[in-house]
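> Shown below is the structure under consideration.
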Amino acid sequence: MTKIKILWVDDEIDLLKPHILFLEAKNYEVVTCKSGQDALQEINDTRFDIVFLDENMPGISGLETLNEIKVIDATLPVVMITKSEEEYIMEEAIGSKIADYLIKPVNPNQILLSLKKNLDHSRLISEKTTSNYQQEFRKISMDLSMVNTYEEWAELYKKLIYWELQLEEIEDSGMFEILESQKVEANSQFGKFVEKNYADWFNENDAPVMSHTLFREWIQPVIKDKPTLLVVIDNLRYDQWFAFEDALNPFYKKIKEKPFYSILPTATQYARNAIFSGLMPLDMEKKYPEWWKNDTDEGGKNLFENKFLEAQLKRLGLDIKWEYHKISSLKQGRHLSQNFRSQKDNDLTVIVYNFVDMLSHAKTEMEVIKELASNDKAYRSLTKSWFKNSPLLEIIQQAQQMGMQLILTTDHGTINVKQPSKVIGDKETSLNLRYKTGRSLTYEKKDVLEARDPGKIHLPTINMSSSFIFAKNDLFFAYPNNYNHYVSYYRNSYQHGGVSLEEMIIPFVVLDPR
């Protein structure tokens, strides 16, 4: 095994002989020098794993040496050692991206701890994370056999996401495969739970907050006291929210984060219209036939969200000044960002942002996006990169400066579909890959949640004999015609409309400006 090579730079290096012997006894190789100039020469000539650097030396100072080291090799960890506790020295060193900061006199165990922290960090975290997940795996497995309420399912799903993000960091493929199998099992059990309970949620008090009750139950109470920016990011999964949450930390502090349930179908025209109208689709069709469109109707299906919202605000007796904006392009986002100060007198500013929806569709249609978002980890990373560089973050920064409260939520999530399920329908059958509505549907019963009487779950029917089916797990519907081409085209794409943890359990977050 190759020894870890340390460069120790100190003009009083002779006094540190006991420390060096201690490290050599621990199987580290230590090279020493007495000046910054000598250190730079050594680093140019030899590959080191870490540098211990005295801050106060004659000639080139420790801070100057540090800056030169970073020019030679920006990735080389440097531990600054100093007698001084002056704040400006610490700030300069930290600003120059040191790996650690030690105050003299240092003892050998401090040095050893710093080495472990910087060089064995990944291995130690990996071992600890693996050990912790192995213990948690058994608990999650037990929970899966017992979980029986919508609150427990939401908690279990968040726990699975937590471990997915933890295991992703350590890149342990074996543990990751075990987690993936647990997620598959969880979605299988969740599908059965929804099938058994979903219809009852509309007839009983003990029901989750869902798309059509979200505004009344959770948004209305918090917008009464302060100006609010409500952002609805289309297609945002819980794990994607966790991926870019830290980008908001400099501007906003989280007050509340709760999961709620998207209605079925987990599709924009149903779920997002339900949020803004405060009604289920069947009630929207009856009450506002001029605004509601069914799957087979021509034209855009979400063109009247502002009208739905206006009607809901009146129904709730909310006499507030509000504006609604829908962003579907970079140009629209930039325009709103440049003119956002005009919202300063609003009680409520609503922004629907469609980027994540466009990303999921682009993954299906564009090879380059398939490469960039080949799995959930990459999909999260791409979402985070978009958010950190988007006009939306600029808008949120301005909202913070204007003292606006921020509510961030979504209409539904997506799932990476893997397996096809054959379905046959007539030409009037809807086109979505995760749900179908139409007459005379033929399908694999085990693969779907079926609604033979859509009215029982408050969905409209295109005609008297129409039914709905929703794909479970990671399935997608495929027609027998041109089957192989269709399957290869859509497999491993992100779809929505069906029954899964990823599509149905989604984030609602309230944040206050810092």
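So you can find residues: chains in the structure tokens are A, B, ... in the order shown, residues in each start at 1, and ligands are numbered from 1 in order.
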Please return, as a PyMOL selection string, all residues of range 70-304 of chain A that DSSP assigns to alpha helix (DSSP H) on the basis of the backbone.
chain A and resi 70-72+87-95+108-119+121-146+150-170+173-197+211-214+220-223+238-244+268-277+281-287
> Report as a PyMOL selection string all protein, DNA and RNA residues lying within 12 Å of Leu16 in chain A, evaluated on only C-alpha atoms, omitting residues in the same chain fewer than 4 positions from it.
chain A and resi 8-12+20-23+30+32-34+52+54+104-108+111
> Would you save the residues from that selection as a PDB file, in the first residue's frame, using N, CA and C atoms?

ATOM      1  N   TRP A   8       5.643  19.121   5.345  1.00  0.00           N
ATOM      2  CA  TRP A   8       5.477  19.967   6.538  1.00  0.00           C
ATOM      3  C   TRP A   8       6.435  21.142   6.427  1.00  0.00           C
ATOM      4  N   VAL A   9       5.876  22.343   6.401  1.00  0.00           N
ATOM      5  CA  VAL A   9       6.667  23.560   6.172  1.00  0.00           C
ATOM      6  C   VAL A   9       6.637  24.404   7.444  1.00  0.00           C
ATOM      7  N   ASP A  10       7.833  24.594   8.075  1.00  0.00           N
ATOM      8  CA  ASP A  10       7.898  25.374   9.315  1.00  0.00           C
ATOM      9  C   ASP A  10       9.344  25.802   9.512  1.00  0.00           C
ATOM     10  N   ASP A  11       9.576  27.080   9.800  1.00  0.00           N
ATOM     11  CA  ASP A  11      10.953  27.540   9.982  1.00  0.00           C
ATOM     12  C   ASP A  11      11.568  26.994  11.264  1.00  0.00           C
ATOM     13  N   GLU A  12      10.737  26.414  12.155  1.00  0.00           N
ATOM     14  CA  GLU A  12      11.243  25.766  13.376  1.00  0.00           C
ATOM     15  C   GLU A  12      10.965  24.259  13.317  1.00  0.00           C
ATOM     16  N   ILE A  20       6.893  14.380  13.947  1.00  0.00           N
ATOM     17  CA  ILE A  20       7.220  13.701  12.686  1.00  0.00           C
ATOM     18  C   ILE A  20       7.461  12.215  12.939  1.00  0.00           C
ATOM     19  N   LEU A  21       8.183  11.892  14.018  1.00  0.00           N
ATOM     20  CA  LEU A  21       8.401  10.479  14.364  1.00  0.00           C
ATOM     21  C   LEU A  21       7.068   9.783  14.646  1.00  0.00           C
ATOM     22  N   PHE A  22       6.176  10.478  15.310  1.00  0.00           N
ATOM     23  CA  PHE A  22       4.838   9.934  15.607  1.00  0.00           C
ATOM     24  C   PHE A  22       4.103   9.568  14.305  1.00  0.00           C
ATOM     25  N   LEU A  23       4.153  10.483  13.321  1.00  0.00           N
ATOM     26  CA  LEU A  23       3.456  10.235  12.055  1.00  0.00           C
ATOM     27  C   LEU A  23       4.125   9.113  11.268  1.00  0.00           C
ATOM     28  N   VAL A  30       6.882  11.741   5.713  1.00  0.00           N
ATOM     29  CA  VAL A  30       6.902  13.184   5.965  1.00  0.00           C
ATOM     30  C   VAL A  30       8.155  13.806   5.352  1.00  0.00           C
ATOM     31  N   THR A  32      10.122  17.488   4.989  1.00  0.00           N
ATOM     32  CA  THR A  32      10.107  18.769   5.709  1.00  0.00           C
ATOM     33  C   THR A  32      10.891  19.831   4.948  1.00  0.00           C
ATOM     34  N   CYS A  33      10.531  21.092   5.172  1.00  0.00           N
ATOM     35  CA  CYS A  33      11.332  22.223   4.691  1.00  0.00           C
ATOM     36  C   CYS A  33      11.056  23.429   5.568  1.00  0.00           C
ATOM     37  N   LYS A  34      11.942  24.443   5.491  1.00  0.00           N
ATOM     38  CA  LYS A  34      11.925  25.532   6.471  1.00  0.00           C
ATOM     39  C   LYS A  34      11.431  26.866   5.914  1.00  0.00           C
ATOM     40  N   PHE A  52       1.199  20.651   5.573  1.00  0.00           N
ATOM     41  CA  PHE A  52       1.055  21.397   6.822  1.00  0.00           C
ATOM     42  C   PHE A  52       1.929  22.640   6.689  1.00  0.00           C
ATOM     43  N   ASP A  54       3.156  26.421   8.162  1.00  0.00           N
ATOM     44  CA  ASP A  54       3.240  27.430   9.227  1.00  0.00           C
ATOM     45  C   ASP A  54       2.883  28.798   8.649  1.00  0.00           C
ATOM     46  N   LYS A 104      -1.128  26.780  17.236  1.00  0.00           N
ATOM     47  CA  LYS A 104       0.017  26.257  18.007  1.00  0.00           C
ATOM     48  C   LYS A 104      -0.193  26.503  19.494  1.00  0.00           C
ATOM     49  N   PRO A 105       0.361  25.683  20.368  1.00  0.00           N
ATOM     50  CA  PRO A 105       1.091  24.453  20.024  1.00  0.00           C
ATOM     51  C   PRO A 105       0.127  23.322  19.658  1.00  0.00           C
ATOM     52  N   VAL A 106       0.485  22.566  18.631  1.00  0.00           N
ATOM     53  CA  VAL A 106      -0.356  21.436  18.219  1.00  0.00           C
ATOM     54  C   VAL A 106       0.204  20.161  18.828  1.00  0.00           C
ATOM     55  N   ASN A 107      -0.688  19.246  19.172  1.00  0.00           N
ATOM     56  CA  ASN A 107      -0.199  17.941  19.647  1.00  0.00           C
ATOM     57  C   ASN A 107      -0.387  16.913  18.527  1.00  0.00           C
ATOM     58  N   PRO A 108       0.312  15.787  18.622  1.00  0.00           N
ATOM     59  CA  PRO A 108       0.275  14.792  17.533  1.00  0.00           C
ATOM     60  C   PRO A 108      -1.136  14.317  17.187  1.00  0.00           C
ATOM     61  N   ILE A 111      -2.878  16.632  14.804  1.00  0.00           N
ATOM     62  CA  ILE A 111      -2.365  16.428  13.445  1.00  0.00           C
ATOM     63  C   ILE A 111      -3.009  15.188  12.828  1.00  0.00           C
TER      64      ILE A 111
END
> Could you tell me which of A:Ile407, A:Gly498, A:Ile6, A:Phe176 comes closest to Glu24 in chain A if we count only C-alpha atoms?
A:Ile6
> Could you state the separation of CA of Ile462 in chain A and CA of Asn294 in chain A in Å, given to one decimal place?
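Value for the CA of Ile462 in chain A-CA of Asn294 in chain A distance: 7.0 Å.
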> What's around range 35-46 of chain A at 9 Å? Count only C-alpha atoms, leave out sequence neighbours fewer than 3 positions away in its own chain, and write the answer as a list in words.
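My reading of the contact set: Leu7, Trp8, Val9, Asp10, Asp11, Val31, Thr32, Leu53, Asp54, Met57, Pro58, Gly59, Ile60, Ser61, Gly62, Glu64, Thr65, Leu66, Glu68, Ile69, Ile72 and Asp73 of chain A.
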> Neighbouring residues of Leu119 in chain A were defined as those with any atom within 12 Å, considering only C-alpha atoms; residues of the same chain fewer than 4 positions away were excluded. Please report them as a list in words.
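Residues near the query, excluding close chain neighbours: Lys3, Ile4, Lys5, Ile6, Tyr28, Phe48, Asp49, Ile50, Val51, Leu76, Pro77, Val78, Val79, Ala99, Asp100, Ile111, Leu112, Leu113, Ser114, Leu115, Arg123, Leu124 and Ile125 of chain A.
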> Taking the chain letters and numbering used in this document, name the residues of range 251-468 of chain A that DSSP puts in strand (DSSP E or B), as a VMD selection string.
chain A and resid 252 to 261 322 to 327 348 to 353 405 to 409 415 to 417 419 to 424 435 to 438 442 to 443 448 to 451 467 to 468
> Extract, using only C-alpha atoms, all DNA, RNA and protein residues at most 10 Å from Leu511 in chain A, discarding same-chain residues fewer than 3 positions from it, and format them as a CSV table (one decimal) with N, CA and C atoms, in the first residue's frame.

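Output saved as selection-v5.csv:
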chain,number,residue,atom,x,y,z
A,228,THR,N,-46.5,37.9,-0.1
A,228,THR,CA,-46.1,36.6,-0.4
A,228,THR,C,-45.8,36.3,-1.9
A,229,LEU,N,-44.7,35.7,-2.1
A,229,LEU,CA,-44.4,35.1,-3.5
A,229,LEU,C,-44.7,33.6,-3.4
A,248,LEU,N,-31.2,28.3,-1.6
A,248,LEU,CA,-32.0,29.4,-1.0
A,248,LEU,C,-31.5,29.9,0.4
A,249,ASN,N,-30.6,29.1,1.0
A,249,ASN,CA,-30.2,29.4,2.4
A,249,ASN,C,-29.7,30.8,2.6
A,251,PHE,N,-30.7,33.5,1.4
A,251,PHE,CA,-31.7,34.5,1.2
A,251,PHE,C,-33.0,34.2,2.1
A,252,TYR,N,-33.3,32.9,2.3
A,252,TYR,CA,-34.5,32.6,3.0
A,252,TYR,C,-34.2,31.5,4.1
A,253,LYS,N,-34.9,31.5,5.2
A,253,LYS,CA,-34.9,30.5,6.2
A,253,LYS,C,-36.2,29.7,6.2
A,254,LYS,N,-36.1,28.4,6.2
A,254,LYS,CA,-37.3,27.6,6.1
A,254,LYS,C,-38.1,27.6,7.4
A,255,ILE,N,-39.4,27.9,7.3
A,255,ILE,CA,-40.3,28.0,8.5
A,255,ILE,C,-41.1,26.7,8.6
A,256,LYS,N,-41.5,26.1,7.4
A,256,LYS,CA,-42.3,25.0,7.4
A,256,LYS,C,-42.1,24.2,6.1
A,257,GLU,N,-42.0,22.9,6.3
A,257,GLU,CA,-41.9,22.0,5.1
A,257,GLU,C,-42.8,20.8,5.3
A,400,GLN,N,-36.8,38.5,-1.6
A,400,GLN,CA,-36.2,38.6,-0.3
A,400,GLN,C,-35.8,40.0,0.1
A,404,MET,N,-40.5,39.9,1.1
A,404,MET,CA,-41.7,39.0,0.8
A,404,MET,C,-41.4,37.6,1.4
A,405,GLN,N,-42.5,37.0,1.9
A,405,GLN,CA,-42.5,35.6,2.3
A,405,GLN,C,-42.5,34.8,1.0
A,406,LEU,N,-41.9,33.6,1.1
A,406,LEU,CA,-41.8,32.7,-0.1
A,406,LEU,C,-42.5,31.4,0.2
A,407,ILE,N,-43.4,31.0,-0.7
A,407,ILE,CA,-44.0,29.7,-0.6
A,407,ILE,C,-43.6,29.0,-1.9
A,408,LEU,N,-43.0,27.8,-1.8
A,408,LEU,CA,-42.5,27.1,-2.9
A,408,LEU,C,-43.2,25.7,-2.9
A,514,ARG,N,-34.3,36.2,5.1
A,514,ARG,CA,-33.3,36.4,6.1
A,514,ARG,C,-33.0,37.9,6.3
> Just how far from CA of Pro391 in chain A is CA of Arg334 in chain A, in Å to one decimal?
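We find that CA of Arg334 in chain A and CA of Pro391 in chain A lie 5.5 Å from each other.
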